[in-house]
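Since the structure comes first, as structure tokens, the remarks are kept for the end.
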Amino acid sequence: MKTKIIRIVVVLAALLLALIIFVMTSYFSNRSVTTINDALVKVGTFWTSLEKHWITKNNQRYGELEWLEPYRNSSLLLKNPDTILFGIYDDKYKDGVRRILALEDSLNTRLPIIQVYTAWGSKKKHQFPLLEVNAIRDLGSIPMITWEPWLDVFDNNKYPQLKGKDNVNMNGLALIAQGVFDDYIDKWIERVKNFDSPFFLRFGHEMNDPYRYPWGPHNNTPETYIAAWRHVHQKFQAANLSHVLWVWSPHPAYDNEFMFYPGHDCVDWIGLTGLNYGKVVGWSQWWTFEEIIQTSYEALSLYNKPIMISEFGSLSYGGHRAGWYADALQKIHTQYPMIKSILFFHSLEDFISTKKILDWTFLYDQETLEVLKYYFNARDSILKNGGDGLSL
Amino acid sequence: MNSNFDPEFWKFHEARKPSAWSSFILVILVFGGLINVVNFGMWWFKQEPGQFWLFFILTLIFWWSIFRMIIMWISYIAINKPRKKKAPKDLSVAIFTTSSPGEPLSMFDKTLEACKNIRYPHTTYLLDDTQDPAFKELAEKHGAVWLELVGIPGAKAGKINAALQKTKEDFILVMDPDHIPFPNFFDEVLGFFTNPDVGFVQVSQGYYNQYRSFVAQGAAEQTYGFYGPTLMGLYGLGSSVAIGANCTFRREALESIGGHAIGLAEDMMTAIRLHGKGWKSIYHPVIVTRGLVPEDLGSFCKQQLKWSRGVHEILFSDLPKTWNGLSTLQRLTYFGISTYYISGLTMFLFLILPYFTLWFDVIPIDIEFTEFLTHWVPLALAATVIYLYCQRFLSHPKTEFGLHLKGTILKFVCWPVFLQGFLLSLINGKIPYIPTAKQAVKGFTPFIRPHVYIALFFILTVIWVIIKRMHFTPEGEIAFTRWETWGMIFFAAIAFVMTLGGIYAAWQSRNLDAAEPWKDIDIEEINKLNPDEDKDY
């Protein structure tokens with residue numbers, strides 16, 4: 001009996017000590033991995049800069065956007081731009097932005113902002129997209145990241161608060177505000193520190209639309225949205241990341257945006273979705289840009305922040321697409337002086353809002369291309385001659 | 001006295017005995033390591049595969065080596081050392097040592113002199129097929145019995161079996177001719193045979209020509225852990241392996257399996273068969289002889305090819321046949337040993353993996369490198385700690401302790417040879433039995449060719465990547481592929497650096513003189529270093 005007890009005690013003690021070793025090695029490696037990783041990112045950054053200087057010297061696009069140089073490194077100028085900064089999102093950008101370049105070639109212009117979307121989560125693709133923002137900067141543009149707080153793909157074991165919920169996104173913003181996802185945010189911020197140029201960050205967009213994203217009002221209250229926004233913003237402030245430009249971006253179809261406004265001190269830009277779905281879906285009609293934007297613009301321009309049409313575009317079914325663009329651009333110059341940025345929504349496979357896959361691209365729509373090319377021609381020549389391109 | 005005669009080498013040394021305390025620490029370390037394995041596994045199998053087959057291959061590479069490591073750890077827990085027993089009086093003991101055409105006469109001069117010098121009464125037999133009268137003269141000079149055994153099939157083992165017929169001794173030490181035994185050899189070994197179940201006693205092996213070259217140093221390093229913690233662990237699990245050199249057999253045991261096994265890995269085969277018949281074995285971790293490791297890369301590769309082919313033969317043919325007679329632990333450990341050389345395949349796959357990405361843009365797995373490190377570093381750390389802790393059981397820690405990087409590089413360099421052995425065994429292809437060269441062979445060995453091709457291919461790939469990115473890759477794609485591309489080149493460069501190590505070894509081997517390291521060994525000096533303690537016979 002006695003030997004039995006001794007043996008069991010010895011084995012248990014060994015197990016306990018083994019666990020301690022495990023915790024220690026994990027702790028040690030967590031500590032050292034951060035250091036190793038920082039070192040690797042530094043070596044990698046150095047190496048890629050070597051490549052930039054010695055091997056891949058063909059920085060054509062960067063050169064063509066030379067006029068953007070004062071903006072690229074000045075978040076001050078970007079918070080208060082004296083011109084309209086165009087940009088684009090293309091869902092197939094990972095192949096080396098081929099379609100963006102092709103579109104730009106047809107329009108005979110280069111677009112200063114390139115937008116990417118990234119979701120929250122535990123996987124690699126949910127981290128701060130360091131590779132993408134570096135690539136966008138290499139290409140001469142300013143990156144914009146739309147950061148979507150989906151809670152579906154977080155590891156339930158790591159976040160017991162998500163366990164056993166039918167809808168993990170229910171009250172999700174409150175969890176964010178409470179700091180449940182701080183380790184994720186901190187890791188994200190850690191990577192942001194490796195990118196020191198200004199970029200736009202659009203967190204939790206279209207938060208006032210109950211039909212779209214899980215961080216909408218069907219799962220959350222406006223108060224928790226604001227609390228979550230301020231919590232995340234505060235973390236960036238604490239990390240001294242003042243080169244991040246915060247884009248608060250409601251949907252213009254509702255007149256409840258003001259309830260979600262996080263506050264003057266933590267918003268740099270106001271984003272608005274300007275998408276005309278035409279007659280593709282039952283809930284939509286052929287709406288002009290004015291019809292989409294007018295009410296919200298009136299309300300939100302009172303905040304006195306530059307306004308960005310963060311998703312700008314029209315489908316072609318149910319009206320005249322080229323005409324829609326021409327009209328919209330003309331109205332922006334004549335009626336909407338607060339709009340300082342327009343981002344084409346050039347998505348080939350959009351299935352977020354409808355059950356159908358929608359194609360927003362106009363790469364092969366000659367008429368629309370003509371309209372836009374004409375517009376950019378006029379605007380770019382004004383810019384070239386020292387004008388601000390705000391009046392055409 | 002000669003500068004190449006290091007007295008430290010020629011003194012009797014033995015591995016330390018495990019204490020309750022050290023076993024307890026090992027159990028803790030191994031448990032800790034296993035938790036780290038589980039932790040790594042839970043992370044690994046949750047990752048998103050890139051290209052399925054590449055992910056599968058990568059998984060195979062990682063988990064094969066982890067699996068082997070676990071077997072190793074389990075055997076470490078069992079590490080044990082037999083309690084030495086005094087050699088009984090009046091046993092009839094023989095030493096068999098074999099000579100083949102082309103082996104240097106002067107080496108036998110030293111070996112036979114040392115055999116004569118062993119204190120326990122014994123008869124030394126020289127099993128000779130050189131047909132050179134000088135060997136006969138030499139045997140007579142040192143009081144050894146000269147047995148001419150010409151034209152016997154089965155090389156070394158064949159001669160041993162023939163000699164068994166012609167002799168009567170109950171205990172037979174099979175001594176490799178490049179080994180110089182210490183005078184107390186039998187004092188250490190014979191006592192174990194008082195247990196009638198013991199079929200053979202294997203002792204540790206030391207070497208004395210490490211200083212000669214990179215290859216010699218690396219080859220010796222590869223054996224340190226094996227003759228220390230690994231074999232002590234296998235002994236603890238009940239499956240000591242006869243290594244060939246310096247194994248003492250009970251005649252009755254050998255006869256029970258129809259004599260010494262014949263084949264490329266005949267020693268291991270003999271051990272398995274003896275265990276299959278229920279004989280017990282002893283691994284006694286003492287250094288009572290020192291011999292030679294191959295000095296040039298060509299000889300080393302030949303030796304490894306021979307073993308790789310032979311060990312795979314055991315895996316495919318002998319192990320299944322004896323399976324029923326073996327205990328579960330013996331099965332596991334023999335399976336572990338006989339799959340050692342499959343690492344040739346995994347190393348080859350590891351080597352070519354990055355080129356799939358660099359040439360065809362396919363990726364095996366989409367992982368965050370930091371995450372990989374967070375899960376892998378604890379495991380690597382635990383493995384290193386266990387490795388280093390177990391070095392307390394080396395036969396001679398003072399000269400053998402370390403991380404054994406040369407040994408690691410040399411093992412990597414052998415991947416083509418391991419792979420060849422593996423593939424040959426699949427098609428049941430044959431390679432001839434050739435005794436391992438005892439002296440350095442000059443010239444650039446053809447075994448280095450695959451490495452030269454791989455190195456050139458790496459350089460070519462880098463040049464191609466640079467040219468492509470300089471002139472052909474569109475600007476946008478360049479910007480998005482910088483990290484991926486150079487990360488993969490870095491990955492490929494790890495293997496490239498190891499390959500360069502191999503090419504260096506081959507380069508050094510090119511100019512190695514065929515020296516006679518045994519000439520520096522002074523038997524009288526060895527006698528003084530190992531004074532007579534308990535002479536009772």
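A note on labels: chains of the structure tokens are A, B, ... as shown, every chain counts residues from 1, and ligands are counted from 1 in their shown order.
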Task: Backbone-only DSSP, helix (DSSP H, G or I) members of segment 85-284 of chain B, as a PyMOL selection string - done: chain B and resi 105-116+133-141+155-166+185-194+210-212+214-237+251-256+266-276
Task: All residues 6 Å or closer to Trp269 of chain A, only C-alpha atoms, same chain fewer than 2 positions away omitted, as a PyMOL selection string - done: chain A and resi 247+267+305-307
- [ ] Starting from chain B, keep only residues with some atom at most 6 Å from an atom of chain A, counting only C-alpha atoms, and report them as a PyMOL selection string.
- [x] chain B and resi 28+31-32+368+374+377-378+470+476-477+479-480
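The protein and nucleic acid residues lying at most 12 Å from Leu300 of chain A are Trp248, Ser249, Pro250, His251, Pro252, Asp255, Asn256, Glu257, Phe258, Met259, Phe260, Tyr261, His264, Trp269, Ile270, Gly271, Leu272, Ile293, Gln294, Pro306, Ile307, Met308, Tyr336, Met338 and Ile339 of chain A, with only C-alpha atoms considered and sequence neighbours fewer than 6 positions away removed.
Using only C-alpha atoms, the shortest contact distance between Glu206 of chain A and any of A:Asp166, A:Asp105, A:Glu311, A:Asp152 is found at A:Glu311.
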So which residues touch Ile95 of chain B within 12 Å, counting only C-alpha atoms, skipping near sequence neighbours fewer than 6 positions away, as an mmCIF file with C-alpha atoms, in the first residue's frame?
```
data_model
loop_
_atom_site.group_PDB
_atom_site.id
_atom_site.type_symbol
_atom_site.label_atom_id
_atom_site.label_comp_id
_atom_site.auth_asym_id
_atom_site.auth_seq_id
_atom_site.Cartn_x
_atom_site.Cartn_y
_atom_site.Cartn_z
ATOM 1 C CA THR B 111 44.938 -4.787 -33.034
ATOM 2 C CA LEU B 112 46.494 -8.194 -32.467
ATOM 3 C CA ALA B 114 46.183 -5.178 -28.081
ATOM 4 C CA CYS B 115 44.185 -8.422 -28.145
ATOM 5 C CA LYS B 116 47.112 -10.297 -26.740
ATOM 6 C CA ILE B 118 43.780 -8.392 -22.763
ATOM 7 C CA TYR B 120 41.563 -12.485 -19.109
ATOM 8 C CA PRO B 121 42.858 -15.746 -20.609
ATOM 9 C CA HIS B 122 41.550 -16.111 -24.138
ATOM 10 C CA THR B 123 42.455 -17.211 -27.644
ATOM 11 C CA THR B 124 42.595 -14.738 -30.482
ATOM 12 C CA TYR B 125 41.686 -15.958 -33.965
ATOM 13 C CA LEU B 126 42.478 -14.079 -37.122
ATOM 14 C CA LEU B 127 39.867 -15.003 -39.720
ATOM 15 C CA ALA B 144 46.951 -15.472 -32.405
ATOM 16 C CA VAL B 145 45.531 -18.482 -34.219
ATOM 17 C CA TRP B 146 45.491 -17.938 -37.933
ATOM 18 C CA ILE B 160 32.483 -15.978 -38.299
ATOM 19 C CA ALA B 163 35.171 -20.171 -37.611
ATOM 20 C CA LEU B 164 32.470 -21.204 -35.134
ATOM 21 C CA THR B 167 36.548 -23.610 -32.621
ATOM 22 C CA LYS B 168 35.146 -24.649 -29.291
ATOM 23 C CA GLU B 169 35.159 -21.612 -26.999
ATOM 24 C CA ASP B 170 31.895 -20.868 -25.203
ATOM 25 C CA PHE B 171 32.133 -17.108 -25.532
ATOM 26 C CA ILE B 172 33.126 -15.232 -28.639
ATOM 27 C CA LEU B 173 34.032 -11.605 -28.909
ATOM 28 C CA VAL B 174 33.651 -10.326 -32.464
ATOM 29 C CA MET B 175 36.227 -7.585 -32.719
ATOM 30 C CA ASP B 176 36.426 -5.171 -35.628
ATOM 31 C CA PRO B 177 40.031 -5.027 -36.782
ATOM 32 C CA PRO B 181 40.772 -3.164 -27.004
ATOM 33 C CA PHE B 185 37.853 -5.759 -21.785
ATOM 34 C CA PHE B 186 36.731 -9.172 -20.580
ATOM 35 C CA ALA B 245 32.104 -4.382 -33.278
ATOM 36 C CA ASN B 246 32.866 -5.441 -29.758
ATOM 37 C CA CYS B 247 29.899 -7.677 -29.180
ATOM 38 C CA THR B 248 30.525 -10.795 -27.115
ATOM 39 C CA PHE B 249 28.225 -13.725 -27.857
#
```
TODO: For segment 374-378 of chain A, list every protein, DNA or RNA residue within 10 Å, evaluated using only C-alpha atoms, and leave out those in the same chain fewer than 6 positions away; present the list as a PyMOL selection string.
DONE: chain A and resi 107-110+325-326+329-330+368+389+392
Dump of N, CA and C atoms for the selected residues, as a PDB file, in the first residue's frame:
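Contents of the output file selection_17.pdb:
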```pdb
ATOM      1  N   LEU A 107      -8.231  54.593 -67.692  1.00  0.00           N
ATOM      2  CA  LEU A 107      -8.694  55.934 -67.294  1.00  0.00           C
ATOM      3  C   LEU A 107      -7.585  56.972 -67.396  1.00  0.00           C
ATOM      4  N   ASN A 108      -6.391  56.481 -67.688  1.00  0.00           N
ATOM      5  CA  ASN A 108      -5.242  57.379 -67.795  1.00  0.00           C
ATOM      6  C   ASN A 108      -5.019  58.194 -66.524  1.00  0.00           C
ATOM      7  N   THR A 109      -5.139  57.507 -65.382  1.00  0.00           N
ATOM      8  CA  THR A 109      -4.878  58.191 -64.110  1.00  0.00           C
ATOM      9  C   THR A 109      -4.341  57.167 -63.128  1.00  0.00           C
ATOM     10  N   ARG A 110      -3.895  57.633 -61.966  1.00  0.00           N
ATOM     11  CA  ARG A 110      -3.512  56.729 -60.883  1.00  0.00           C
ATOM     12  C   ARG A 110      -4.302  57.130 -59.651  1.00  0.00           C
ATOM     13  N   TYR A 325     -22.580  57.796 -63.163  1.00  0.00           N
ATOM     14  CA  TYR A 325     -21.250  58.259 -62.718  1.00  0.00           C
ATOM     15  C   TYR A 325     -21.048  59.730 -63.057  1.00  0.00           C
ATOM     16  N   ALA A 326     -21.428  60.103 -64.298  1.00  0.00           N
ATOM     17  CA  ALA A 326     -21.216  61.489 -64.730  1.00  0.00           C
ATOM     18  C   ALA A 326     -21.987  62.424 -63.822  1.00  0.00           C
ATOM     19  N   LEU A 329     -20.428  62.543 -60.182  1.00  0.00           N
ATOM     20  CA  LEU A 329     -19.188  63.324 -60.071  1.00  0.00           C
ATOM     21  C   LEU A 329     -19.485  64.817 -60.204  1.00  0.00           C
ATOM     22  N   GLN A 330     -20.408  65.116 -61.086  1.00  0.00           N
ATOM     23  CA  GLN A 330     -20.755  66.533 -61.269  1.00  0.00           C
ATOM     24  C   GLN A 330     -21.371  67.098 -59.991  1.00  0.00           C
ATOM     25  N   THR A 368     -18.858  53.888 -69.578  1.00  0.00           N
ATOM     26  CA  THR A 368     -18.475  54.374 -68.247  1.00  0.00           C
ATOM     27  C   THR A 368     -17.003  54.787 -68.236  1.00  0.00           C
ATOM     28  N   GLY A 389      -8.402  71.143 -58.143  1.00  0.00           N
ATOM     29  CA  GLY A 389      -9.265  70.135 -58.737  1.00  0.00           C
ATOM     30  C   GLY A 389     -10.619  70.025 -58.072  1.00  0.00           C
ATOM     31  N   LEU A 392     -14.548  72.101 -61.283  1.00  0.00           N
ATOM     32  CA  LEU A 392     -14.177  71.678 -62.637  1.00  0.00           C
ATOM     33  C   LEU A 392     -14.804  72.583 -63.665  1.00  0.00           C
TER      34      LEU A 392
END
```
Task: Using only C-alpha atoms: which of A:Trp150, A:Phe128, A:Tyr317, A:Phe345 has the shortest distance to Gly278 of chain A - done: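 With only C-alpha atoms as the atom set, the closest residue is A:Tyr317.
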- [ ] Kindly give the distance, in Å, that separates atom CA of Met232 of chain B and atom CA of Ser308 of chain B, rounded to a single decimal.
- [x]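 Between these atoms lies a distance of 22.5 Å.
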Open item on the list: Excluding segment 391-408 of chain B and its own-chain neighbours fewer than 5 positions away, which residues fall within 9 Å of it when counting only C-alpha atoms? Please give them as a PyMOL selection string.
Closed with: chain B and resi 8-9+13-18+79+204-206+214-215+217-229+232+285-287+384+386+413+498+501
Selection from above, C-alpha atoms, as a PDB file, in the first residue's frame, can you write it?
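File produced: again_27.pdb:
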```pdb
ATOM      1  CA  GLU B   8      42.214  10.901 -21.988  1.00  0.00           C
ATOM      2  CA  PHE B   9      40.965   8.669 -24.790  1.00  0.00           C
ATOM      3  CA  HIS B  13      35.429   5.340 -18.978  1.00  0.00           C
ATOM      4  CA  GLU B  14      31.878   4.424 -18.299  1.00  0.00           C
ATOM      5  CA  ALA B  15      28.500   6.121 -18.477  1.00  0.00           C
ATOM      6  CA  ARG B  16      27.050   7.044 -15.138  1.00  0.00           C
ATOM      7  CA  LYS B  17      24.309   5.041 -13.604  1.00  0.00           C
ATOM      8  CA  PRO B  18      20.876   6.635 -13.535  1.00  0.00           C
ATOM      9  CA  ILE B  79      17.626   4.393 -19.303  1.00  0.00           C
ATOM     10  CA  SER B 204      30.082   1.092 -26.019  1.00  0.00           C
ATOM     11  CA  GLN B 205      32.360   2.236 -28.795  1.00  0.00           C
ATOM     12  CA  GLY B 206      34.865   4.993 -28.654  1.00  0.00           C
ATOM     13  CA  PHE B 214      35.192  17.249 -40.482  1.00  0.00           C
ATOM     14  CA  VAL B 215      33.717  13.920 -41.547  1.00  0.00           C
ATOM     15  CA  GLN B 217      34.378  14.497 -36.194  1.00  0.00           C
ATOM     16  CA  GLY B 218      30.796  14.483 -37.458  1.00  0.00           C
ATOM     17  CA  ALA B 219      30.650  10.717 -37.771  1.00  0.00           C
ATOM     18  CA  ALA B 220      31.906  10.328 -34.211  1.00  0.00           C
ATOM     19  CA  GLU B 221      29.405  12.913 -32.961  1.00  0.00           C
ATOM     20  CA  GLN B 222      26.581  10.912 -34.476  1.00  0.00           C
ATOM     21  CA  THR B 223      27.552   7.932 -32.351  1.00  0.00           C
ATOM     22  CA  TYR B 224      27.917   9.704 -28.993  1.00  0.00           C
ATOM     23  CA  GLY B 225      24.238   9.868 -28.163  1.00  0.00           C
ATOM     24  CA  PHE B 226      23.651   6.437 -29.635  1.00  0.00           C
ATOM     25  CA  TYR B 227      26.210   4.671 -27.448  1.00  0.00           C
ATOM     26  CA  GLY B 228      25.112   6.687 -24.462  1.00  0.00           C
ATOM     27  CA  PRO B 229      21.474   7.433 -23.651  1.00  0.00           C
ATOM     28  CA  MET B 232      21.050   2.569 -22.422  1.00  0.00           C
ATOM     29  CA  PRO B 285      28.088   1.495 -21.545  1.00  0.00           C
ATOM     30  CA  VAL B 286      31.817   1.297 -20.973  1.00  0.00           C
ATOM     31  CA  ILE B 287      34.632   2.368 -23.220  1.00  0.00           C
ATOM     32  CA  THR B 384      16.998  20.436 -26.666  1.00  0.00           C
ATOM     33  CA  ILE B 386      16.080  16.613 -22.941  1.00  0.00           C
ATOM     34  CA  VAL B 413      24.457  15.384 -46.218  1.00  0.00           C
ATOM     35  CA  MET B 498      23.845  22.505 -44.809  1.00  0.00           C
ATOM     36  CA  GLY B 501      28.771  22.092 -45.164  1.00  0.00           C
TER      37      GLY B 501
END
```
TODO: Please identify all polymer residues within 9 Å of segment 353-357 of chain A, counting only C-alpha atoms, omitting same-chain residues fewer than 6 positions from it, and present them as a PyMOL selection string.
DONE: chain A and resi 211-212+280-281
- [ ] Have a look at atom CA of Glu148 of chain A and atom CA of Asn194 of chain A and let me know their distance in Å, one decimal.
- [x]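 Result for atom CA of Glu148 of chain A versus atom CA of Asn194 of chain A: 21.1 Å, one decimal.
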Task: Backbone DSSP call of strand (DSSP E) for segment 100-151 of chain A, listed as a ChimeraX atom specification - done: /A:113-119,142-148
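Of note, atom CA of Leu274 of chain B and atom CA of Leu91 of chain B are spaced 21.5 Å apart.
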